[in-house]
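Colleague: For reference, the file final19.pdb (PDB, C-alpha atoms and all ligand atoms) is included below:
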```
ATOM      1  CA  MET W  16      83.417 -55.757  13.644
ATOM      2  CA  ASN W  17      85.613 -58.632  14.781
ATOM      3  CA  ASN W  18      88.964 -56.873  14.566
ATOM      4  CA  SER W  19      87.690 -53.656  16.060
ATOM      5  CA  ILE W  20      89.275 -52.744  19.365
ATOM      6  CA  PHE W  21      86.744 -50.087  20.250
ATOM      7  CA  LYS W  22      83.087 -50.399  19.403
ATOM      8  CA  PHE W  23      80.321 -47.883  19.888
ATOM      9  CA  ILE W  24      76.642 -47.592  19.159
ATOM     10  CA  ALA W  25      75.608 -44.168  17.887
ATOM     11  CA  PHE W  26      72.067 -42.865  17.787
ATOM     12  CA  THR W  27      70.404 -39.500  18.179
ATOM     13  CA  ASP W  28      67.289 -37.427  18.839
ATOM     14  CA  LEU W  29      65.280 -39.672  21.137
ATOM     15  CA  HIS W  30      62.910 -36.807  22.054
ATOM     16  CA  TYR W  31      61.556 -38.646  25.065
ATOM     17  CA  THR W  32      58.220 -37.400  26.340
ATOM     18  CA  THR W  33      55.211 -38.941  28.056
ATOM     19  CA  LYS W  34      52.894 -36.745  25.996
ATOM     20  CA  ASN W  35      51.774 -38.516  22.854
ATOM     21  CA  PRO W  36      52.613 -36.445  19.773
ATOM     22  CA  GLU W  37      49.725 -35.319  17.622
ATOM     23  CA  LYS W  38      48.542 -37.913  15.070
ATOM     24  CA  ARG W  39      50.397 -40.762  16.785
ATOM     25  CA  ILE W  40      47.936 -43.582  17.363
ATOM     26  CA  ASP W  41      50.246 -45.811  19.398
ATOM     27  CA  ASN W  42      51.773 -45.095  22.804
ATOM     28  CA  TYR W  43      54.837 -42.991  21.933
ATOM     29  CA  SER W  44      56.792 -43.490  25.157
ATOM     30  CA  GLU W  45      56.198 -47.255  25.178
ATOM     31  CA  SER W  46      57.412 -47.436  21.578
ATOM     32  CA  LEU W  47      60.586 -45.641  22.639
ATOM     33  CA  PHE W  48      61.099 -48.090  25.528
ATOM     34  CA  LEU W  49      60.947 -50.985  23.057
ATOM     35  CA  LYS W  50      63.551 -49.325  20.854
ATOM     36  CA  LEU W  51      65.821 -48.529  23.771
ATOM     37  CA  ASN W  52      65.605 -52.122  24.908
ATOM     38  CA  GLU W  53      66.588 -53.313  21.443
ATOM     39  CA  ILE W  54      69.564 -50.936  21.528
ATOM     40  CA  TYR W  55      70.495 -52.344  24.943
ATOM     41  CA  GLU W  56      70.477 -55.879  23.540
ATOM     42  CA  LEU W  57      72.624 -54.847  20.588
ATOM     43  CA  ALA W  58      75.048 -53.181  23.010
ATOM     44  CA  ILE W  59      75.353 -56.449  24.979
ATOM     45  CA  LYS W  60      75.644 -58.569  21.833
ATOM     46  CA  TYR W  61      78.427 -56.483  20.309
ATOM     47  CA  GLU W  62      80.172 -55.803  23.630
ATOM     48  CA  ILE W  63      80.418 -52.125  22.914
ATOM     49  CA  ASN W  64      82.593 -49.628  24.777
ATOM     50  CA  GLY W  65      79.934 -46.987  24.915
ATOM     51  CA  ILE W  66      76.833 -45.341  23.549
ATOM     52  CA  LEU W  67      77.311 -42.113  21.601
ATOM     53  CA  PHE W  68      74.202 -39.954  21.671
ATOM     54  CA  ALA W  69      74.143 -36.733  19.619
ATOM     55  CA  GLY W  70      71.539 -34.684  21.476
ATOM     56  CA  ASP W  71      67.816 -34.151  22.157
ATOM     57  CA  LEU W  72      67.353 -36.835  24.770
ATOM     58  CA  PHE W  73      64.153 -35.184  25.949
ATOM     59  CA  HIS W  74      61.429 -33.497  23.966
ATOM     60  CA  ARG W  75      60.704 -30.070  25.323
ATOM     61  CA  LYS W  76      58.870 -27.325  23.553
ATOM     62  CA  GLY W  77      58.260 -24.342  25.745
ATOM     63  CA  ASP W  78      57.367 -26.420  28.795
ATOM     64  CA  ILE W  79      59.789 -28.194  31.085
ATOM     65  CA  VAL W  80      60.831 -31.825  31.274
ATOM     66  CA  THR W  81      58.844 -33.458  34.098
ATOM     67  CA  HIS W  82      60.251 -35.469  36.985
ATOM     68  CA  GLU W  83      58.346 -38.436  35.625
ATOM     69  CA  GLU W  84      60.160 -38.153  32.305
ATOM     70  CA  VAL W  85      63.549 -37.856  33.984
ATOM     71  CA  ASN W  86      62.723 -40.855  36.210
ATOM     72  CA  ASP W  87      61.729 -42.959  33.201
ATOM     73  CA  VAL W  88      65.047 -42.312  31.472
ATOM     74  CA  ILE W  89      67.020 -42.876  34.694
ATOM     75  CA  LYS W  90      65.331 -46.248  35.121
ATOM     76  CA  ILE W  91      66.409 -47.331  31.637
ATOM     77  CA  PHE W  92      69.938 -45.973  31.841
ATOM     78  CA  SER W  93      70.472 -47.495  35.315
ATOM     79  CA  LYS W  94      69.986 -50.902  33.747
ATOM     80  CA  TRP W  95      72.447 -50.018  30.979
ATOM     81  CA  ASN W  96      74.992 -48.739  33.507
ATOM     82  CA  SER W  97      74.692 -51.969  35.561
ATOM     83  CA  SER W  98      75.724 -53.844  32.427
ATOM     84  CA  ASN W  99      78.766 -51.551  32.117
ATOM     85  CA  ILE W 100      77.314 -49.613  29.225
ATOM     86  CA  ASN W 101      78.536 -46.029  29.426
ATOM     87  CA  ILE W 102      76.519 -43.332  27.754
ATOM     88  CA  TYR W 103      78.403 -40.382  26.267
ATOM     89  CA  LEU W 104      76.289 -37.534  25.008
ATOM     90  CA  ILE W 105      75.799 -33.892  24.193
ATOM     91  CA  ALA W 106      72.757 -31.726  24.908
ATOM     92  CA  GLY W 107      70.467 -30.779  22.030
ATOM     93  CA  ASN W 108      68.267 -27.705  21.705
ATOM     94  CA  HIS W 109      65.342 -29.568  23.268
ATOM     95  CA  ASP W 110      67.456 -30.498  26.287
ATOM     96  CA  LEU W 111      68.197 -26.886  27.226
ATOM     97  CA  VAL W 112      65.765 -24.222  28.383
ATOM     98  CA  GLY W 113      66.579 -21.065  26.443
ATOM     99  CA  HIS W 114      69.315 -22.992  24.598
ATOM    100  CA  ASN W 115      71.525 -22.011  27.478
ATOM    101  CA  LEU W 116      74.246 -24.563  28.120
ATOM    102  CA  ASN W 117      75.315 -22.756  31.296
ATOM    103  CA  ALA W 118      71.967 -23.696  32.821
ATOM    104  CA  ILE W 119      72.313 -27.377  31.906
ATOM    105  CA  ASN W 120      72.017 -28.453  35.549
ATOM    106  CA  ASP W 121      68.538 -26.932  35.740
ATOM    107  CA  ASN W 122      67.383 -29.282  32.999
ATOM    108  CA  GLY W 123      66.462 -32.969  32.952
ATOM    109  CA  ILE W 124      69.670 -33.871  31.199
ATOM    110  CA  GLY W 125      71.632 -32.145  33.977
ATOM    111  CA  THR W 126      70.137 -34.522  36.531
ATOM    112  CA  LEU W 127      71.350 -37.476  34.469
ATOM    113  CA  ILE W 128      74.850 -35.992  34.245
ATOM    114  CA  ILE W 129      75.129 -35.115  37.939
ATOM    115  CA  SER W 130      73.798 -38.515  39.000
ATOM    116  CA  GLY W 131      76.464 -40.143  36.825
ATOM    117  CA  HIS W 132      74.109 -41.984  34.487
ATOM    118  CA  VAL W 133      75.545 -40.247  31.427
ATOM    119  CA  LYS W 134      78.735 -38.371  30.620
ATOM    120  CA  LEU W 135      78.606 -35.019  28.867
ATOM    121  CA  LEU W 136      81.141 -34.593  26.068
ATOM    122  CA  ASN W 137      82.859 -31.287  25.413
ATOM    123  CA  LYS W 138      86.078 -29.851  23.955
ATOM    124  CA  GLU W 139      88.173 -31.719  26.563
ATOM    125  CA  PRO W 140      88.347 -35.312  25.365
ATOM    126  CA  ILE W 141      87.355 -38.477  27.170
ATOM    127  CA  ARG W 142      90.221 -40.768  26.213
ATOM    128  CA  PHE W 143      90.563 -44.472  25.480
ATOM    129  CA  GLU W 144      93.925 -46.157  24.872
ATOM    130  CA  PHE W 145      94.747 -48.842  22.330
ATOM    131  CA  ASN W 146      97.264 -51.506  23.415
ATOM    132  CA  ASN W 147      99.835 -49.900  21.093
ATOM    133  CA  GLY W 148      99.594 -46.667  23.063
ATOM    134  CA  LYS W 149      97.504 -44.803  20.511
ATOM    135  CA  LYS W 150      94.521 -42.833  21.754
ATOM    136  CA  LEU W 151      90.871 -42.645  20.827
ATOM    137  CA  ASN W 152      89.210 -39.425  21.970
ATOM    138  CA  LEU W 153      85.555 -38.532  22.355
ATOM    139  CA  PHE W 154      84.604 -34.873  21.910
ATOM    140  CA  GLY W 155      81.288 -33.076  21.718
ATOM    141  CA  SER W 156      79.680 -29.685  21.252
ATOM    142  CA  SER W 157      76.266 -29.307  22.854
ATOM    143  CA  TYR W 158      73.681 -27.039  21.281
ATOM    144  CA  SER W 159      73.954 -23.292  21.701
ATOM    145  CA  ARG W 160      72.349 -20.297  20.035
ATOM    146  CA  ASN W 161      73.385 -19.714  16.404
ATOM    147  CA  TYR W 162      75.106 -23.089  16.395
ATOM    148  CA  ASP W 163      75.780 -23.167  12.668
ATOM    149  CA  ARG W 164      77.237 -19.669  12.638
ATOM    150  CA  ASN W 165      80.051 -20.875  14.849
ATOM    151  CA  LYS W 166      81.880 -23.546  12.848
ATOM    152  CA  GLU W 167      84.109 -24.161  15.885
ATOM    153  CA  ASN W 168      81.386 -26.541  17.063
ATOM    154  CA  TYR W 169      82.398 -28.888  14.265
ATOM    155  CA  ILE W 170      86.145 -28.604  14.760
ATOM    156  CA  VAL W 171      88.497 -30.845  16.722
ATOM    157  CA  ASP W 172      91.776 -29.104  17.444
ATOM    158  CA  ASP W 173      94.778 -30.060  15.322
ATOM    159  CA  LYS W 174      96.787 -30.837  18.435
ATOM    160  CA  TYR W 175      94.886 -34.143  18.577
ATOM    161  CA  LYS W 176      95.587 -35.100  14.976
ATOM    162  CA  GLU W 177      97.821 -38.077  15.899
ATOM    163  CA  ASP W 178      94.892 -39.621  17.803
ATOM    164  CA  PHE W 179      91.655 -41.087  16.550
ATOM    165  CA  ASN W 180      88.923 -38.535  17.237
ATOM    166  CA  ILE W 181      85.151 -38.787  17.347
ATOM    167  CA  ASN W 182      83.144 -35.570  17.609
ATOM    168  CA  LEU W 183      79.445 -35.340  18.472
ATOM    169  CA  VAL W 184      77.573 -32.311  17.165
ATOM    170  CA  HIS W 185      73.988 -31.042  17.067
ATOM    171  CA  GLY W 186      73.519 -28.775  14.065
ATOM    172  CA  ILE W 187      72.254 -28.611  10.515
ATOM    173  CA  LEU W 188      75.167 -30.390   8.891
ATOM    174  CA  LEU W 189      74.377 -31.345   5.304
ATOM    175  CA  PRO W 190      76.292 -33.225   2.583
ATOM    176  CA  LYS W 191      74.937 -30.785  -0.025
ATOM    177  CA  GLY W 192      72.019 -28.514  -0.798
ATOM    178  CA  THR W 193      70.526 -25.760   1.310
ATOM    179  CA  PHE W 194      68.291 -25.313   4.331
ATOM    180  CA  PHE W 195      65.852 -22.534   5.203
ATOM    181  CA  GLY W 196      67.845 -21.523   8.293
ATOM    182  CA  ASP W 197      71.559 -21.527   9.135
ATOM    183  CA  TYR W 198      73.377 -24.659   8.069
ATOM    184  CA  THR W 199      76.829 -26.081   7.515
ATOM    185  CA  LEU W 200      78.078 -28.071   4.543
ATOM    186  CA  ILE W 201      80.423 -30.962   5.174
ATOM    187  CA  ASN W 202      83.069 -29.572   2.833
ATOM    188  CA  GLU W 203      83.242 -26.388   4.965
ATOM    189  CA  ILE W 204      84.401 -28.355   7.998
ATOM    190  CA  VAL W 205      86.198 -31.319   6.437
ATOM    191  CA  LYS W 206      89.585 -29.902   7.431
ATOM    192  CA  ASN W 207      89.589 -30.757  11.108
ATOM    193  CA  ALA W 208      91.038 -33.489  13.276
ATOM    194  CA  ALA W 209      87.797 -35.430  13.785
ATOM    195  CA  ASN W 210      88.021 -38.810  12.088
ATOM    196  CA  ILE W 211      84.321 -39.345  12.681
ATOM    197  CA  THR W 212      81.736 -36.581  13.081
ATOM    198  CA  ILE W 213      78.371 -37.760  14.374
ATOM    199  CA  CYS W 214      75.568 -35.284  13.947
ATOM    200  CA  GLY W 215      72.082 -35.031  15.420
ATOM    201  CA  HIS W 216      69.400 -32.329  15.104
ATOM    202  CA  TYR W 217      68.573 -32.881  11.419
ATOM    203  CA  HIS W 218      65.997 -35.647  11.842
ATOM    204  CA  PRO W 219      65.920 -37.119   8.324
ATOM    205  CA  GLY W 220      69.653 -37.885   8.638
ATOM    206  CA  PHE W 221      71.809 -38.557   5.584
ATOM    207  CA  GLU W 222      73.725 -41.375   3.898
ATOM    208  CA  GLN W 223      77.207 -41.687   5.352
ATOM    209  CA  VAL W 224      79.758 -39.401   3.724
ATOM    210  CA  ILE W 225      83.461 -40.216   3.525
ATOM    211  CA  MET W 226      85.490 -37.175   2.524
ATOM    212  CA  ASN W 227      89.299 -36.905   2.857
ATOM    213  CA  ASN W 228      89.197 -40.240   4.684
ATOM    214  CA  LYS W 229      86.900 -38.710   7.330
ATOM    215  CA  TYR W 230      83.457 -39.979   8.202
ATOM    216  CA  PHE W 231      80.378 -37.789   8.539
ATOM    217  CA  LEU W 232      77.361 -39.547   9.981
ATOM    218  CA  ASN W 233      73.788 -38.765  10.861
ATOM    219  CA  PRO W 234      71.605 -41.862  11.245
ATOM    220  CA  GLY W 235      68.510 -39.660  11.671
ATOM    221  CA  SER W 236      66.234 -39.376  14.662
ATOM    222  CA  ILE W 237      65.519 -42.621  16.504
ATOM    223  CA  SER W 238      61.971 -41.368  17.052
ATOM    224  CA  ARG W 239      59.261 -40.101  14.761
ATOM    225  CA  GLY W 240      57.380 -37.506  16.739
ATOM    226  CA  VAL W 241      56.447 -35.245  13.907
ATOM    227  CA  LEU W 242      54.486 -36.337  10.925
ATOM    228  CA  ASN W 243      56.030 -35.395   7.602
ATOM    229  CA  TYR W 244      57.124 -36.910   4.337
ATOM    230  CA  ASP W 245      60.455 -38.016   5.809
ATOM    231  CA  THR W 246      58.913 -40.012   8.634
ATOM    232  CA  THR W 247      56.827 -42.065   6.231
ATOM    233  CA  LYS W 248      59.950 -43.110   4.328
ATOM    234  CA  ARG W 249      62.560 -44.047   6.894
ATOM    235  CA  THR W 250      63.037 -46.729   9.521
ATOM    236  CA  PRO W 251      64.751 -45.501  12.693
ATOM    237  CA  LYS W 252      68.233 -46.943  12.970
ATOM    238  CA  ILE W 253      71.438 -46.981  14.966
ATOM    239  CA  LEU W 254      75.042 -47.125  13.807
ATOM    240  CA  LEU W 255      77.506 -49.679  15.017
ATOM    241  CA  ILE W 256      80.986 -48.159  14.799
ATOM    242  CA  GLY W 257      84.199 -50.127  15.133
ATOM    243  CA  VAL W 258      87.766 -48.787  15.146
ATOM    244  CA  ASP W 259      90.933 -50.907  15.124
ATOM    245  CA  LYS W 260      94.404 -49.924  16.304
ATOM    246  CA  SER W 261      95.431 -48.883  12.772
ATOM    247  CA  TYR W 262      92.447 -46.513  12.845
ATOM    248  CA  ASN W 263      90.489 -48.550  10.308
ATOM    249  CA  VAL W 264      86.795 -47.816  10.611
ATOM    250  CA  LYS W 265      83.841 -50.166  10.186
ATOM    251  CA  ILE W 266      80.306 -48.888  10.199
ATOM    252  CA  LYS W 267      77.207 -51.036  10.192
ATOM    253  CA  GLU W 268      73.721 -49.584  10.014
ATOM    254  CA  VAL W 269      71.101 -51.470  11.999
ATOM    255  CA  GLU W 270      67.459 -50.666  11.394
ATOM    256  CA  LEU W 271      65.512 -51.349  14.562
ATOM    257  CA  LYS W 272      63.203 -54.357  14.451
ATOM    258  CA  THR W 273      61.021 -52.787  17.123
ATOM    259  CA  ALA W 274      60.423 -49.703  14.972
ATOM    260  CA  LYS W 275      56.875 -50.078  13.755
ATOM    261  CA  LEU W 276      55.647 -49.304  10.262
ATOM    262  CA  CYS W 277      54.431 -45.787   9.742
ATOM    263  CA  ASP W 278      50.789 -46.779   9.350
ATOM    264  CA  GLU W 279      50.908 -48.514  12.743
ATOM    265  CA  ILE W 280      51.971 -45.361  14.537
ATOM    266  CA  PHE W 281      50.328 -42.531  12.598
ATOM    267  CA  ASP W 282      46.840 -41.640  11.496
ATOM    268  CA  ILE W 283      47.513 -42.759   7.923
ATOM    269  CA  GLU W 284      44.608 -40.871   6.391
ATOM    270  CA  PHE W 285      46.147 -37.689   7.683
ATOM    271  CA  VAL W 286      49.567 -38.822   6.398
ATOM    272  CA  ASN W 287      48.208 -39.285   2.884
ATOM    273  CA  LYS W 288      46.473 -35.931   2.916
ATOM    274  CA  GLN W 289      49.627 -34.260   4.189
ATOM    275  CA  ASN W 290      51.813 -35.941   1.549
ATOM    276  CA  LYS W 291      49.415 -35.000  -1.215
ATOM    277  CA  TYR W 292      49.445 -31.424   0.020
ATOM    278  CA  ASP W 293      53.277 -31.399   0.151
ATOM    279  CA  GLU W 294      53.455 -32.812  -3.386
ATOM    280  CA  GLU W 295      51.032 -30.210  -4.687
ATOM    281  CA  ILE W 296      52.985 -27.420  -3.056
ATOM    282  CA  LYS W 297      56.210 -28.789  -4.524
ATOM    283  CA  SER W 298      54.969 -29.055  -8.098
ATOM    284  CA  PHE W 299      53.219 -25.721  -7.838
ATOM    285  CA  THR W 300      56.407 -24.101  -6.558
ATOM    286  CA  GLU W 301      58.303 -25.593  -9.496
ATOM    287  CA  MET W 302      55.696 -24.339 -11.932
ATOM    288  CA  ILE W 303      55.769 -20.845 -10.468
ATOM    289  CA  LYS W 304      59.551 -20.835 -10.599
ATOM    290  CA  ASN W 305      59.580 -21.825 -14.284
ATOM    291  CA  GLU W 306      56.747 -19.543 -15.296
ATOM    292  CA  THR W 307      58.015 -16.490 -13.493
ATOM    293  CA  GLN W 308      61.545 -16.414 -14.826
ATOM    294  CA  SER W 309      60.707 -13.950 -17.579
ATOM    295  CA  MET W 310      58.135 -11.909 -15.683
ATOM    296  CA  ASP W 311      58.298  -9.073 -13.277
ATOM    297  CA  ASN W 312      56.924  -9.194  -9.760
ATOM    298  CA  ASN W 313      53.657  -7.591 -10.672
ATOM    299  CA  ASP W 314      52.837 -10.325 -13.204
ATOM    300  CA  VAL W 315      53.250 -13.021 -10.591
ATOM    301  CA  ASN W 316      50.810 -11.318  -8.295
ATOM    302  CA  ILE W 317      48.252 -10.871 -11.047
ATOM    303  CA  ILE W 318      48.532 -14.501 -12.139
ATOM    304  CA  LEU W 319      48.091 -15.779  -8.614
ATOM    305  CA  ASP W 320      45.127 -13.508  -7.959
ATOM    306  CA  ASP W 321      43.609 -14.670 -11.243
ATOM    307  CA  MET W 322      44.094 -18.327 -10.401
ATOM    308  CA  LEU W 323      42.458 -17.826  -7.042
ATOM    309  CA  LYS W 324      39.544 -15.888  -8.512
ATOM    310  CA  ASN W 325      38.902 -18.542 -11.156
ATOM    311  CA  ASN W 326      39.155 -21.392  -8.620
ATOM    312  CA  ILE W 327      42.222 -22.860 -10.301
ATOM    313  CA  ILE W 328      43.916 -22.921  -6.932
ATOM    314  CA  GLU W 329      42.531 -23.052  -3.441
ATOM    315  CA  ARG W 330      43.015 -20.369  -0.836
ATOM    316  CA  ASN W 331      45.553 -22.367   1.209
ATOM    317  CA  ILE W 332      47.669 -23.011  -1.902
ATOM    318  CA  TYR W 333      47.481 -19.315  -2.751
ATOM    319  CA  ASP W 334      48.611 -18.290   0.734
ATOM    320  CA  LYS W 335      51.374 -20.869   0.737
ATOM    321  CA  SER W 336      52.526 -19.679  -2.706
ATOM    322  CA  ILE W 337      52.761 -16.097  -1.546
ATOM    323  CA  GLU W 338      54.738 -17.312   1.437
ATOM    324  CA  ILE W 339      57.111 -19.343  -0.768
ATOM    325  CA  LEU W 340      57.552 -16.493  -3.243
ATOM    326  CA  GLU W 341      58.334 -14.111  -0.411
ATOM    327  CA  LYS W 342      60.861 -16.582   0.896
ATOM    328  CA  VAL W 343      62.612 -17.000  -2.477
ATOM    329  CA  GLY W 344      62.687 -13.240  -2.868
ATOM    330  CA  VAL W 345      60.244 -12.669  -5.748
ATOM    331  CA  PHE W 346      58.405  -9.965  -3.797
ATOM    332  CA  LYS W 347      61.435  -8.132  -2.507
TER     333      LYS W 347
HETATM  334 MN    MN W 401      65.899 -33.091  17.553
END
```
Transcribe the structure of this file into structure tokens.
Ligand SMILES: [Mn+2]
Modeller:
Amino acid sequence: MNNSIFKFIAFTDLHYTTKNPEKRIDNYSESLFLKLNEIYELAIKYEINGILFAGDLFHRKGDIVTHEEVNDVIKIFSKWNSSNINIYLIAGNHDLVGHNLNAINDNGIGTLIISGHVKLLNKEPIRFEFNNGKKLNLFGSSYSRNYDRNKENYIVDDKYKEDFNINLVHGILLPKGTFFGDYTLINEIVKNAANITICGHYHPGFEQVIMNNKYFLNPGSISRGVLNYDTTKRTPKILLIGVDKSYNVKIKEVELKTAKLCDEIFDIEFVNKQNKYDEEIKSFTEMIKNETQSMDNNDVNIILDDMLKNNIIERNIYDKSIEILEKVGVFK
């Protein structure tokens, strides 16, 4: 990082809440404070120019973010601001009631923006200047409805192509594969003026992708609120990003030391049961897929009913199978 002129720390999906998520056995909000403090110390150590946060600061599902939750985050960010650490961010789906960006000021994140604790990124860049006159621009596209149907969210305008551009996004951006809902593949959006695209929303994250000399990053959620296979496998991390005046990029992944092991934060017995269930569903889905290739729809139904009747599979597996088969279109 030594030659880098501009340095940033990127992380995403904090999902701050004072309500302990189901199956967490530790104190969720205290665990997040420890992580945020570690990030603060890294920011001081590396003398960064700013924090880049890719959305979902708060965790809101149906209900609203409380004053207490907003106050907690303000307290932390005030300390960061006093140490000249600027926070640049976008709003995620959890930050916006009704996914309505126009109502951002009615949400917790709006209070942080209006009070000057954080800066909201949008299509108009926040600009930094290198000593050779070149520019580094920060852009962002907060969450909105049907985010991945509007690829504009991922695009930095060509008029900035002489500058170095970083774009923050909050969508289902994937290196490859598919997703059950709308999603965007990196190769669909590679032709745009963003030198670095930093994505939140997809909590597992992905290994950094460099395509056409452009960087696509998603370090994964800094928190682990929901229990699933992914959360048992990954350690929450941040990215340290350095850019020099020739636009050379350096990226260092830092796994947080304060991130506890999965069995310290989750009811591990439940984790094991859940994983076993997921594995069974996966292998069963594979089996069904292989076995049903030469059959018609009716056969599949009969086989499943038979398996249930003869206790080869349990009721929940049967129901899940029907659901999966409906999803993959066998019962169209
Ligand atoms: Mn999220």
Colleague: Using all atoms listed in the file, what does the table of chain W residues within 8 Å of ligand MN 401 (chain W) look like, with each row giving the shortest atom pair and its distance in Å to one decimal, sorted by chain and ascending number, as a tab-separated table?
Modeller:
```
residue	atom	partner	partner_atom	distance
W:Thr27	CA	W:MN401	MN	7.9
W:Asp28	CA	W:MN401	MN	4.7
W:Leu29	CA	W:MN401	MN	7.5
W:His30	CA	W:MN401	MN	6.6
W:Gly70	CA	W:MN401	MN	7.1
W:Asp71	CA	W:MN401	MN	5.1
W:His74	CA	W:MN401	MN	7.8
W:Gly107	CA	W:MN401	MN	6.8
W:Asn108	CA	W:MN401	MN	7.2
W:His109	CA	W:MN401	MN	6.7
W:Gly215	CA	W:MN401	MN	6.8
W:His216	CA	W:MN401	MN	4.3
W:Tyr217	CA	W:MN401	MN	6.7
W:His218	CA	W:MN401	MN	6.3
W:Ser236	CA	W:MN401	MN	6.9
```
Colleague: Out of W:Ile170, W:Val112, W:Ile119, W:Ile63, which residue has the shortest atom-to-atom distance to W:Lys138 when counting only C-alpha atoms?
Modeller: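 Closest candidate: W:Ile170.
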Colleague: Can you give me, as JSON, numbers by chain, the residues this file yields under the PyMOL selection byres (((chain W and resi 250-257) around 7) and not hetatm)?
Modeller: {"W": [16, 19, 21, 22, 23, 24, 25, 26, 234, 236, 237, 238, 249, 258, 259, 264, 265, 266, 267, 268, 269, 270, 271, 274]}
Colleague: Separation of atom CA of W:Tyr158 and atom CA of W:Ala106, in Å?
Modeller: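 These atoms are spaced 6.0 Å apart.
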Colleague: Please indicate the distance in Å from atom CA of W:Asn168 to atom CA of W:Val184, rounded to one decimal place.
Modeller: 6.9 Å
Colleague: Kindly resolve the PyMOL selection byres (((chain W and resi 192-199) around 9) and not hetatm) on the present coordinates and return the residues as a PyMOL selection string.
Modeller: chain W and resi 161-164+166+186-191+200-204+342
Colleague: Between W:Asp278, W:Phe68, W:Glu144, W:Asn152, which has the minimum distance to W:Asn233 (counting all atoms listed in the file)?
Modeller: W:Phe68
Colleague: Using only C-alpha atoms, which of the listed residues (W:Asn99, W:Asn120, W:Thr273, W:Asn263) sits closest to W:Leu51?
Modeller: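 Checking each candidate against W:Leu51, we get W:Thr273 as the closest.
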